[in-house]
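What follows is the content of input.cif (mmCIF, C-alpha atoms).
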data_upload
loop_
_atom_site.group_PDB
_atom_site.id
_atom_site.type_symbol
_atom_site.label_atom_id
_atom_site.label_comp_id
_atom_site.auth_asym_id
_atom_site.auth_seq_id
_atom_site.Cartn_x
_atom_site.Cartn_y
_atom_site.Cartn_z
ATOM 1 C CA MET A 1025 0.000 0.000 0.000
ATOM 2 C CA SER A 1026 1.508 3.359 -0.988
ATOM 3 C CA GLN A 1027 1.947 6.085 1.624
ATOM 4 C CA GLY A 1028 -1.050 8.377 1.925
ATOM 5 C CA SER A 1029 -3.277 6.077 -0.135
ATOM 6 C CA ASP A 1030 -6.064 3.715 0.880
ATOM 7 C CA GLU A 1031 -5.641 1.675 -2.279
ATOM 8 C CA TYR A 1032 -5.288 -2.018 -1.482
ATOM 9 C CA GLU A 1033 -2.106 -3.703 -2.725
ATOM 10 C CA ALA A 1034 -2.589 -7.441 -3.023
ATOM 11 C CA THR A 1035 0.197 -9.826 -2.078
ATOM 12 C CA SER A 1036 0.844 -12.735 -4.427
ATOM 13 C CA VAL A 1037 2.532 -16.097 -3.904
ATOM 14 C CA SER A 1038 3.814 -18.377 -6.634
ATOM 15 C CA PHE A 1039 5.393 -21.821 -6.605
ATOM 16 C CA ARG A 1040 6.480 -24.552 -8.994
ATOM 17 C CA GLU A 1041 4.996 -28.009 -9.209
ATOM 18 C CA GLU A 1042 6.108 -31.057 -11.177
ATOM 19 C CA ALA A 1043 4.299 -34.371 -11.449
ATOM 20 C CA ALA A 1044 4.552 -37.399 -13.705
ATOM 21 C CA GLY A 1045 2.709 -40.637 -14.330
ATOM 22 C CA TYR A 1046 0.879 -42.619 -16.972
ATOM 23 C CA ILE A 1047 -2.277 -42.237 -19.067
ATOM 24 C CA ASP A 1048 -4.303 -44.507 -21.327
ATOM 25 C CA PHE A 1049 -6.677 -43.718 -24.200
ATOM 26 C CA ASP A 1050 -8.979 -46.734 -23.784
ATOM 27 C CA GLN A 1051 -9.472 -47.039 -20.029
ATOM 28 C CA THR A 1052 -11.431 -44.315 -18.235
ATOM 29 C CA ALA A 1053 -11.140 -45.588 -14.635
ATOM 30 C CA TYR A 1054 -8.101 -43.947 -13.029
ATOM 31 C CA ASP A 1055 -6.351 -47.058 -11.672
ATOM 32 C CA ALA A 1056 -6.987 -49.164 -14.764
ATOM 33 C CA ALA A 1057 -5.774 -46.328 -17.012
ATOM 34 C CA PHE A 1058 -2.615 -45.886 -14.930
ATOM 35 C CA HIS A 1059 -1.689 -49.574 -15.158
ATOM 36 C CA ALA A 1060 -2.487 -49.795 -18.875
ATOM 37 C CA GLY A 1061 -0.534 -46.623 -19.542
ATOM 38 C CA ARG A 1062 2.448 -47.855 -17.558
ATOM 39 C CA ALA A 1063 2.442 -51.141 -19.477
ATOM 40 C CA ALA A 1064 2.410 -49.195 -22.755
ATOM 41 C CA ARG A 1065 4.891 -46.569 -21.435
ATOM 42 C CA ARG A 1066 2.500 -43.678 -22.158
ATOM 43 C CA ARG A 1067 3.985 -41.118 -19.778
ATOM 44 C CA LEU A 1068 2.558 -37.705 -19.021
ATOM 45 C CA GLY A 1069 4.494 -35.065 -17.086
ATOM 46 C CA LEU A 1070 3.562 -31.608 -15.834
ATOM 47 C CA GLN A 1071 5.861 -28.645 -15.173
ATOM 48 C CA LEU A 1072 3.748 -25.847 -13.735
ATOM 49 C CA ARG A 1073 4.019 -22.416 -12.158
ATOM 50 C CA ILE A 1074 1.045 -21.676 -9.896
ATOM 51 C CA THR A 1075 0.325 -18.088 -8.809
ATOM 52 C CA ALA A 1076 -2.217 -16.921 -6.226
ATOM 53 C CA ASP A 1077 -2.743 -13.189 -6.771
ATOM 54 C CA ASP A 1078 -4.324 -12.289 -3.409
ATOM 55 C CA VAL A 1079 -2.845 -14.274 -0.543
ATOM 56 C CA ASP A 1080 -4.659 -12.414 2.244
ATOM 57 C CA ARG A 1081 -8.019 -13.254 0.686
ATOM 58 C CA CYS A 1082 -6.991 -16.892 0.280
ATOM 59 C CA ILE A 1083 -6.056 -17.116 3.948
ATOM 60 C CA ALA A 1084 -9.235 -15.386 5.129
ATOM 61 C CA GLU A 1085 -11.458 -17.719 3.080
ATOM 62 C CA GLU A 1086 -9.328 -20.868 3.640
ATOM 63 C CA ARG A 1087 -9.374 -21.451 -0.088
ATOM 64 C CA ALA A 1088 -7.268 -20.349 -3.040
ATOM 65 C CA THR A 1089 -7.929 -19.820 -6.721
ATOM 66 C CA ALA A 1090 -4.742 -19.410 -8.719
ATOM 67 C CA ARG A 1091 -3.427 -19.021 -12.248
ATOM 68 C CA VAL A 1092 -1.394 -21.820 -13.810
ATOM 69 C CA ALA A 1093 1.231 -21.588 -16.539
ATOM 70 C CA GLY A 1094 3.646 -24.186 -17.797
ATOM 71 C CA TRP A 1095 3.931 -27.305 -19.924
ATOM 72 C CA LEU A 1096 2.613 -30.810 -20.392
ATOM 73 C CA ARG A 1097 5.009 -33.377 -21.824
ATOM 74 C CA SER A 1098 3.845 -36.596 -23.462
ATOM 75 C CA ASP A 1099 5.081 -38.349 -26.577
ATOM 76 C CA ALA A 1100 1.603 -39.852 -26.936
ATOM 77 C CA LEU A 1101 0.119 -36.355 -27.221
ATOM 78 C CA GLY A 1102 2.792 -34.800 -29.399
ATOM 79 C CA GLY A 1103 5.698 -33.828 -27.139
ATOM 80 C CA ALA A 1104 5.965 -30.591 -25.140
ATOM 81 C CA LEU A 1105 2.618 -28.748 -25.047
ATOM 82 C CA GLU A 1106 2.134 -25.303 -23.544
ATOM 83 C CA VAL A 1107 -0.656 -24.625 -21.064
ATOM 84 C CA GLU A 1108 -2.710 -21.915 -22.751
ATOM 85 C CA HIS A 1109 -5.014 -21.235 -19.813
ATOM 86 C CA GLY A 1110 -4.795 -22.900 -16.443
ATOM 87 C CA GLY A 1111 -6.540 -22.740 -13.095
ATOM 88 C CA PHE A 1112 -5.860 -24.217 -9.647
ATOM 89 C CA HIS A 1113 -8.287 -24.320 -6.737
ATOM 90 C CA LEU A 1114 -7.458 -25.265 -3.138
ATOM 91 C CA ALA A 1115 -10.070 -25.721 -0.418
ATOM 92 C CA VAL A 1116 -9.513 -26.788 3.204
ATOM 93 C CA ARG A 1117 -12.233 -29.007 4.643
ATOM 94 C CA ALA A 1118 -13.386 -29.103 8.258
ATOM 95 C CA ASP A 1119 -11.263 -32.202 8.956
ATOM 96 C CA GLY A 1120 -8.127 -30.483 7.637
ATOM 97 C CA THR A 1121 -8.063 -32.354 4.328
ATOM 98 C CA ARG A 1122 -6.957 -30.190 1.415
ATOM 99 C CA ARG A 1123 -8.695 -30.700 -1.933
ATOM 100 C CA MET A 1124 -6.774 -29.381 -4.939
ATOM 101 C CA ASP A 1125 -8.371 -29.121 -8.389
ATOM 102 C CA TYR A 1126 -6.552 -28.430 -11.653
ATOM 103 C CA ARG A 1127 -7.921 -27.348 -15.059
ATOM 104 C CA LEU A 1128 -5.411 -26.919 -17.886
ATOM 105 C CA ARG A 1129 -6.350 -26.013 -21.452
ATOM 106 C CA PHE A 1130 -3.952 -26.802 -24.281
ATOM 107 C CA HIS A 1131 -3.679 -28.153 -27.837
ATOM 108 C CA ASP A 1132 -2.071 -31.492 -28.642
ATOM 109 C CA GLY A 1133 0.498 -32.078 -31.378
ATOM 110 C CA ALA A 1134 -2.280 -32.395 -33.976
ATOM 111 C CA ASP A 1135 -3.706 -29.003 -32.880
ATOM 112 C CA ARG A 1136 -6.760 -30.533 -31.225
ATOM 113 C CA PRO A 1137 -8.036 -28.622 -28.169
ATOM 114 C CA LEU A 1138 -7.920 -30.605 -24.926
ATOM 115 C CA THR A 1139 -8.539 -29.900 -21.252
ATOM 116 C CA LEU A 1140 -6.751 -31.671 -18.423
ATOM 117 C CA VAL A 1141 -8.913 -31.878 -15.307
ATOM 118 C CA GLY A 1142 -7.406 -33.374 -12.192
ATOM 119 C CA PHE A 1143 -7.770 -33.464 -8.438
ATOM 120 C CA LYS A 1144 -5.841 -34.611 -5.394
ATOM 121 C CA GLU A 1145 -6.514 -34.716 -1.692
ATOM 122 C CA VAL A 1146 -3.810 -33.957 0.841
ATOM 123 C CA ARG A 1147 -3.807 -34.806 4.538
ATOM 124 C CA GLY A 1148 -1.339 -33.556 7.116
ATOM 125 C CA GLU A 1149 0.538 -36.803 7.636
ATOM 126 C CA LEU A 1150 3.986 -37.055 6.064
ATOM 127 C CA ALA A 1151 3.089 -40.369 4.421
ATOM 128 C CA ASP A 1152 0.409 -38.611 2.389
ATOM 129 C CA VAL A 1153 2.600 -35.777 1.106
ATOM 130 C CA GLY A 1154 2.926 -37.311 -2.340
ATOM 131 C CA PRO A 1155 -0.758 -37.694 -3.200
ATOM 132 C CA ALA A 1156 -2.056 -38.992 -6.495
ATOM 133 C CA LEU A 1157 -3.250 -36.451 -9.053
ATOM 134 C CA TYR A 1158 -6.233 -38.226 -10.610
ATOM 135 C CA THR A 1159 -6.291 -37.003 -14.181
ATOM 136 C CA ARG A 1160 -8.595 -36.989 -17.175
ATOM 137 C CA LEU A 1161 -8.106 -35.409 -20.580
ATOM 138 C CA LEU A 1162 -11.332 -34.087 -22.107
ATOM 139 C CA ALA A 1163 -12.032 -33.249 -25.735
ATOM 140 C CA GLY A 1164 -12.246 -29.495 -26.311
ATOM 141 C CA HIS A 1165 -11.663 -26.571 -23.990
ATOM 142 C CA VAL A 1166 -14.133 -27.454 -21.270
ATOM 143 C CA ASP A 1167 -15.537 -25.351 -18.422
ATOM 144 C CA ALA A 1168 -16.622 -26.920 -15.145
ATOM 145 C CA PRO A 1169 -20.381 -26.990 -15.894
ATOM 146 C CA ASP A 1170 -19.749 -29.029 -19.069
ATOM 147 C CA GLU A 1171 -17.214 -31.432 -17.580
ATOM 148 C CA ALA A 1172 -19.652 -34.273 -16.888
ATOM 149 C CA THR A 1173 -20.779 -34.485 -20.540
ATOM 150 C CA ALA A 1174 -17.446 -33.862 -22.294
ATOM 151 C CA PRO A 1175 -15.887 -36.862 -24.093
ATOM 152 C CA VAL A 1176 -13.010 -38.433 -22.146
ATOM 153 C CA VAL A 1177 -9.932 -38.770 -24.378
ATOM 154 C CA ALA A 1178 -7.613 -40.292 -21.781
ATOM 155 C CA ALA A 1179 -7.276 -40.929 -18.068
ATOM 156 C CA GLY A 1180 -4.525 -41.784 -15.617
ATOM 157 C CA ILE A 1181 -2.691 -40.900 -12.424
ATOM 158 C CA LEU A 1182 0.246 -38.541 -11.897
ATOM 159 C CA GLN A 1183 2.288 -38.209 -8.709
ATOM 160 C CA LEU A 1184 4.712 -35.952 -6.920
ATOM 161 C CA HIS A 1185 7.200 -38.208 -5.148
ATOM 162 C CA PRO A 1186 7.324 -37.569 -1.367
ATOM 163 C CA ASP A 1187 11.056 -36.861 -1.592
ATOM 164 C CA GLU A 1188 10.291 -33.994 -3.971
ATOM 165 C CA PHE A 1189 7.861 -32.257 -1.629
ATOM 166 C CA ALA A 1190 10.528 -30.483 0.403
ATOM 167 C CA LYS A 1191 12.072 -29.205 -2.831
ATOM 168 C CA GLN A 1192 8.697 -27.896 -3.949
ATOM 169 C CA LEU A 1193 8.329 -25.810 -0.780
ATOM 170 C CA THR A 1194 11.628 -24.050 -1.525
ATOM 171 C CA THR A 1195 10.117 -22.717 -4.781
ATOM 172 C CA PHE A 1196 7.533 -20.562 -2.963
ATOM 173 C CA HIS A 1197 8.029 -16.827 -3.561
ATOM 174 C CA VAL A 1198 6.044 -13.838 -2.328
ATOM 175 C CA SER A 1199 5.544 -10.386 -3.873
ATOM 176 C CA PRO A 1200 6.137 -7.861 -2.352
ATOM 177 C CA PRO A 1201 9.166 -9.776 -0.983
ATOM 178 C CA LEU A 1202 8.870 -8.341 2.541
ATOM 179 C CA ARG A 1203 5.508 -10.050 3.123
ATOM 180 C CA LEU A 1204 7.104 -13.117 4.685
ATOM 181 C CA ASP A 1205 4.191 -13.331 7.119
ATOM 182 C CA ALA A 1206 1.814 -13.828 4.195
ATOM 183 C CA LEU A 1207 4.146 -16.402 2.665
ATOM 184 C CA ALA A 1208 4.220 -18.420 5.896
ATOM 185 C CA ARG A 1209 0.450 -18.291 6.372
ATOM 186 C CA PHE A 1210 -0.182 -19.334 2.782
ATOM 187 C CA GLY A 1211 2.355 -22.126 3.211
ATOM 188 C CA VAL A 1212 0.404 -23.463 6.185
ATOM 189 C CA LEU A 1213 -2.825 -23.198 4.168
ATOM 190 C CA PHE A 1214 -1.195 -25.213 1.385
ATOM 191 C CA ALA A 1215 0.787 -27.775 3.384
ATOM 192 C CA GLY A 1216 -0.421 -27.639 6.988
ATOM 193 C CA ASP A 1217 2.157 -28.369 9.687
ATOM 194 C CA LEU A 1218 4.515 -29.770 7.055
ATOM 195 C CA TRP A 1219 5.278 -26.195 5.996
ATOM 196 C CA HIS A 1220 7.242 -25.629 9.212
ATOM 197 C CA THR A 1221 8.814 -29.091 9.022
ATOM 198 C CA HIS A 1222 10.323 -28.581 5.572
ATOM 199 C CA ARG A 1223 11.030 -24.833 5.443
#
Can you give me the file's structure in the form of structure tokens?
Amino acid sequence: MSQGSDEYEATSVSFREEAAGYIDFDQTAYDAAFHAGRAARRRLGLQLRITADDVDRCIAEERATARVAGWLRSDALGGALEVEHGGFHLAVRADGTRRMDYRLRFHDGADRPLTLVGFKEVRGELADVGPALYTRLLAGHVDAPDEATAPVVAAGILQLHPDEFAKQLTTFHVSPPLRLDALARFGVLFAGDLWHTHR
């Protein structure tokens, strides 16, 4: 906030996330698609930058809606594919479970529009730090209200290995940089007590 002004200056936090796993074009159930994709070596990887533009609002509401940029990588889809429009949503439930939803729009190597929709649930225990990202690829650029009726192109499961979680927390950055209090509170919103364990 500038001196002598009541204009609100939002604080943003961004972080990187990488995940990888397997997808299949015939199976639509997550587990079956993962195993079929692994047998066929149909890998899918994500390299993302997630940015929450108003951290104080996220903390107050115990939820976060963020922008996502980055890349998908899959030989089965045509190689490295840029995320054209991406969204991330985090909500904390009454029992402390964190539900994270992803929606990534892109075009495959044949210039067909696709939407990756995925979710994962995170609990506070260290054993659950590397949760599965249950993933489906839908035909077209699909909004949430149309998700249930959109054709499923592929399905699978991606994961962030537990050993990589501590590295992920080191990628968190806040702007303005002096708002370390906001960074810490957002970190707890995102990771619970594990934020203090790994920072």
Run the PyMOL selection byres ((chain A and resi 1178) around 12) against the file shown and list the residues it catches, as a PyMOL selection string.
chain A and resi 1046-1054+1056-1058+1060-1061+1066-1068+1100-1101+1138-1142+1158-1163+1174-1177+1179-1181
Could you list, as a PDB file with C-alpha atoms, keeping the file's coordinate frame, every residue matched by the PyMOL selection byres ((chain A and resi 1043) around 9) in this structure?
ATOM      1  CA  GLU A1041       4.996 -28.009  -9.209  1.00  0.00           C
ATOM      2  CA  GLU A1042       6.108 -31.057 -11.177  1.00  0.00           C
ATOM      3  CA  ALA A1044       4.552 -37.399 -13.705  1.00  0.00           C
ATOM      4  CA  GLY A1045       2.709 -40.637 -14.330  1.00  0.00           C
ATOM      5  CA  LEU A1068       2.558 -37.705 -19.021  1.00  0.00           C
ATOM      6  CA  GLY A1069       4.494 -35.065 -17.086  1.00  0.00           C
ATOM      7  CA  LEU A1070       3.562 -31.608 -15.834  1.00  0.00           C
ATOM      8  CA  GLN A1071       5.861 -28.645 -15.173  1.00  0.00           C
ATOM      9  CA  LEU A1072       3.748 -25.847 -13.735  1.00  0.00           C
ATOM     10  CA  LEU A1157      -3.250 -36.451  -9.053  1.00  0.00           C
ATOM     11  CA  LEU A1182       0.246 -38.541 -11.897  1.00  0.00           C
ATOM     12  CA  GLN A1183       2.288 -38.209  -8.709  1.00  0.00           C
ATOM     13  CA  LEU A1184       4.712 -35.952  -6.920  1.00  0.00           C
ATOM     14  CA  HIS A1185       7.200 -38.208  -5.148  1.00  0.00           C
TER      15      HIS A1185
END
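In terms of minimum interatomic distance to Val1212 (chain A), A:Arg1122 ranks closest within A:Arg1040, A:His1109, A:Arg1122, A:Arg1091, counting all atoms listed in the file.
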If you take every atom of region 1170-1175 of chain A that the file lists and fit an axis-aligned box around them with 5 Å extra on each side, what centre and edge lengths come out in Å to one decimal, as lines of an AutoDock Vina configuration file?
center_x = -18.3
center_y = -32.9
center_z = -20.5
size_x = 14.9
size_y = 17.8
size_z = 17.2
Point-to-point distance from CA of Arg1127 (chain A) to CA of Ala1104 (chain A), Å rounded to tenths:
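Rounded to one decimal, the two atoms are 17.5 Å apart.
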Work out how far apart CA of Ala1090 (chain A) and CA of Gly1133 (chain A) are and give it in Å to one decimal.
26.5 Å
Taking the file as shown, find all residues satisfying the PyMOL selection byres ((chain A and resi 1213) around 10) and write them as an MDAnalysis selection string.
chainID A and resid 1082:1083 1086:1088 1114:1116 1120 1122 1207:1212 1214:1217 1219
Selected residues written out with C-alpha atoms, as a PDB file, in the coordinates of the input:
ATOM      1  CA  CYS A1082      -6.991 -16.892   0.280  1.00  0.00           C
ATOM      2  CA  ILE A1083      -6.056 -17.116   3.948  1.00  0.00           C
ATOM      3  CA  GLU A1086      -9.328 -20.868   3.640  1.00  0.00           C
ATOM      4  CA  ARG A1087      -9.374 -21.451  -0.088  1.00  0.00           C
ATOM      5  CA  ALA A1088      -7.268 -20.349  -3.040  1.00  0.00           C
ATOM      6  CA  LEU A1114      -7.458 -25.265  -3.138  1.00  0.00           C
ATOM      7  CA  ALA A1115     -10.070 -25.721  -0.418  1.00  0.00           C
ATOM      8  CA  VAL A1116      -9.513 -26.788   3.204  1.00  0.00           C
ATOM      9  CA  GLY A1120      -8.127 -30.483   7.637  1.00  0.00           C
ATOM     10  CA  ARG A1122      -6.957 -30.190   1.415  1.00  0.00           C
ATOM     11  CA  LEU A1207       4.146 -16.402   2.665  1.00  0.00           C
ATOM     12  CA  ALA A1208       4.220 -18.420   5.896  1.00  0.00           C
ATOM     13  CA  ARG A1209       0.450 -18.291   6.372  1.00  0.00           C
ATOM     14  CA  PHE A1210      -0.182 -19.334   2.782  1.00  0.00           C
ATOM     15  CA  GLY A1211       2.355 -22.126   3.211  1.00  0.00           C
ATOM     16  CA  VAL A1212       0.404 -23.463   6.185  1.00  0.00           C
ATOM     17  CA  PHE A1214      -1.195 -25.213   1.385  1.00  0.00           C
ATOM     18  CA  ALA A1215       0.787 -27.775   3.384  1.00  0.00           C
ATOM     19  CA  GLY A1216      -0.421 -27.639   6.988  1.00  0.00           C
ATOM     20  CA  ASP A1217       2.157 -28.369   9.687  1.00  0.00           C
ATOM     21  CA  TRP A1219       5.278 -26.195   5.996  1.00  0.00           C
TER      22      TRP A1219
END
Please measure the separation of CA of Phe1112 (chain A) and CA of Glu1145 (chain A), giving the value in Å to one decimal.
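So the two atoms, CA of Phe1112 (chain A) and CA of Glu1145 (chain A), lie 13.2 Å apart.
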Could you check which of A:Ile1074, A:Met1124, A:Val1166, A:Ala1034 is closest to Val1146 (chain A), using all atoms listed in the file?
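When distances to Val1146 (chain A) are compared using all atoms listed in the file, the smallest one comes from A:Met1124.
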Taking only C-alpha atoms into account, name the residue in A:Asp1078, A:His1165, A:Val1092, A:Ala1206 that is nearest to Phe1039 (chain A).
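So, comparing all the options, the nearest one is A:Val1092.
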Pick from A:Val1037, A:Leu1128, A:Ala1172, A:Leu1096 nearest to Gly1111 (chain A), counting all atoms listed in the file:
A:Leu1128
Can region 1104-1119 of chain A be brought up to N, CA and C atoms and written out as a PDB file, in the frame of the given file?
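Result went into rebuild09.pdb, see below:
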ATOM      1  N   ALA A1104       6.126 -31.666 -26.124  1.00  0.00           N
ATOM      2  CA  ALA A1104       5.965 -30.591 -25.140  1.00  0.00           C
ATOM      3  C   ALA A1104       4.824 -29.681 -25.581  1.00  0.00           C
ATOM      4  N   LEU A1105       3.839 -29.481 -24.714  1.00  0.00           N
ATOM      5  CA  LEU A1105       2.618 -28.748 -25.047  1.00  0.00           C
ATOM      6  C   LEU A1105       2.397 -27.653 -24.008  1.00  0.00           C
ATOM      7  N   GLU A1106       2.262 -26.437 -24.460  1.00  0.00           N
ATOM      8  CA  GLU A1106       2.134 -25.303 -23.544  1.00  0.00           C
ATOM      9  C   GLU A1106       0.719 -25.205 -22.980  1.00  0.00           C
ATOM     10  N   VAL A1107       0.632 -24.918 -21.688  1.00  0.00           N
ATOM     11  CA  VAL A1107      -0.656 -24.625 -21.064  1.00  0.00           C
ATOM     12  C   VAL A1107      -1.099 -23.249 -21.532  1.00  0.00           C
ATOM     13  N   GLU A1108      -2.223 -23.184 -22.209  1.00  0.00           N
ATOM     14  CA  GLU A1108      -2.710 -21.915 -22.751  1.00  0.00           C
ATOM     15  C   GLU A1108      -3.534 -21.138 -21.732  1.00  0.00           C
ATOM     16  N   HIS A1109      -4.244 -21.857 -20.897  1.00  0.00           N
ATOM     17  CA  HIS A1109      -5.014 -21.235 -19.813  1.00  0.00           C
ATOM     18  C   HIS A1109      -5.162 -22.278 -18.721  1.00  0.00           C
ATOM     19  N   GLY A1110      -4.753 -21.924 -17.512  1.00  0.00           N
ATOM     20  CA  GLY A1110      -4.795 -22.900 -16.443  1.00  0.00           C
ATOM     21  C   GLY A1110      -5.324 -22.319 -15.150  1.00  0.00           C
ATOM     22  N   GLY A1111      -6.027 -23.151 -14.387  1.00  0.00           N
ATOM     23  CA  GLY A1111      -6.540 -22.740 -13.095  1.00  0.00           C
ATOM     24  C   GLY A1111      -6.295 -23.802 -12.040  1.00  0.00           C
ATOM     25  N   PHE A1112      -6.109 -23.356 -10.803  1.00  0.00           N
ATOM     26  CA  PHE A1112      -5.860 -24.217  -9.647  1.00  0.00           C
ATOM     27  C   PHE A1112      -6.764 -23.740  -8.525  1.00  0.00           C
ATOM     28  N   HIS A1113      -7.400 -24.673  -7.844  1.00  0.00           N
ATOM     29  CA  HIS A1113      -8.287 -24.320  -6.737  1.00  0.00           C
ATOM     30  C   HIS A1113      -7.952 -25.203  -5.538  1.00  0.00           C
ATOM     31  N   LEU A1114      -7.755 -24.570  -4.390  1.00  0.00           N
ATOM     32  CA  LEU A1114      -7.458 -25.265  -3.138  1.00  0.00           C
ATOM     33  C   LEU A1114      -8.539 -24.925  -2.124  1.00  0.00           C
ATOM     34  N   ALA A1115      -9.100 -25.937  -1.484  1.00  0.00           N
ATOM     35  CA  ALA A1115     -10.070 -25.721  -0.418  1.00  0.00           C
ATOM     36  C   ALA A1115      -9.707 -26.609   0.765  1.00  0.00           C
ATOM     37  N   VAL A1116      -9.800 -26.053   1.975  1.00  0.00           N
ATOM     38  CA  VAL A1116      -9.513 -26.788   3.204  1.00  0.00           C
ATOM     39  C   VAL A1116     -10.836 -27.196   3.830  1.00  0.00           C
ATOM     40  N   ARG A1117     -11.006 -28.500   4.048  1.00  0.00           N
ATOM     41  CA  ARG A1117     -12.233 -29.007   4.643  1.00  0.00           C
ATOM     42  C   ARG A1117     -12.160 -28.945   6.163  1.00  0.00           C
ATOM     43  N   ALA A1118     -13.298 -29.204   6.795  1.00  0.00           N
ATOM     44  CA  ALA A1118     -13.386 -29.103   8.258  1.00  0.00           C
ATOM     45  C   ALA A1118     -12.439 -30.073   8.949  1.00  0.00           C
ATOM     46  N   ASP A1119     -12.156 -31.229   8.334  1.00  0.00           N
ATOM     47  CA  ASP A1119     -11.263 -32.202   8.956  1.00  0.00           C
ATOM     48  C   ASP A1119      -9.791 -31.938   8.643  1.00  0.00           C
TER      49      ASP A1119
END
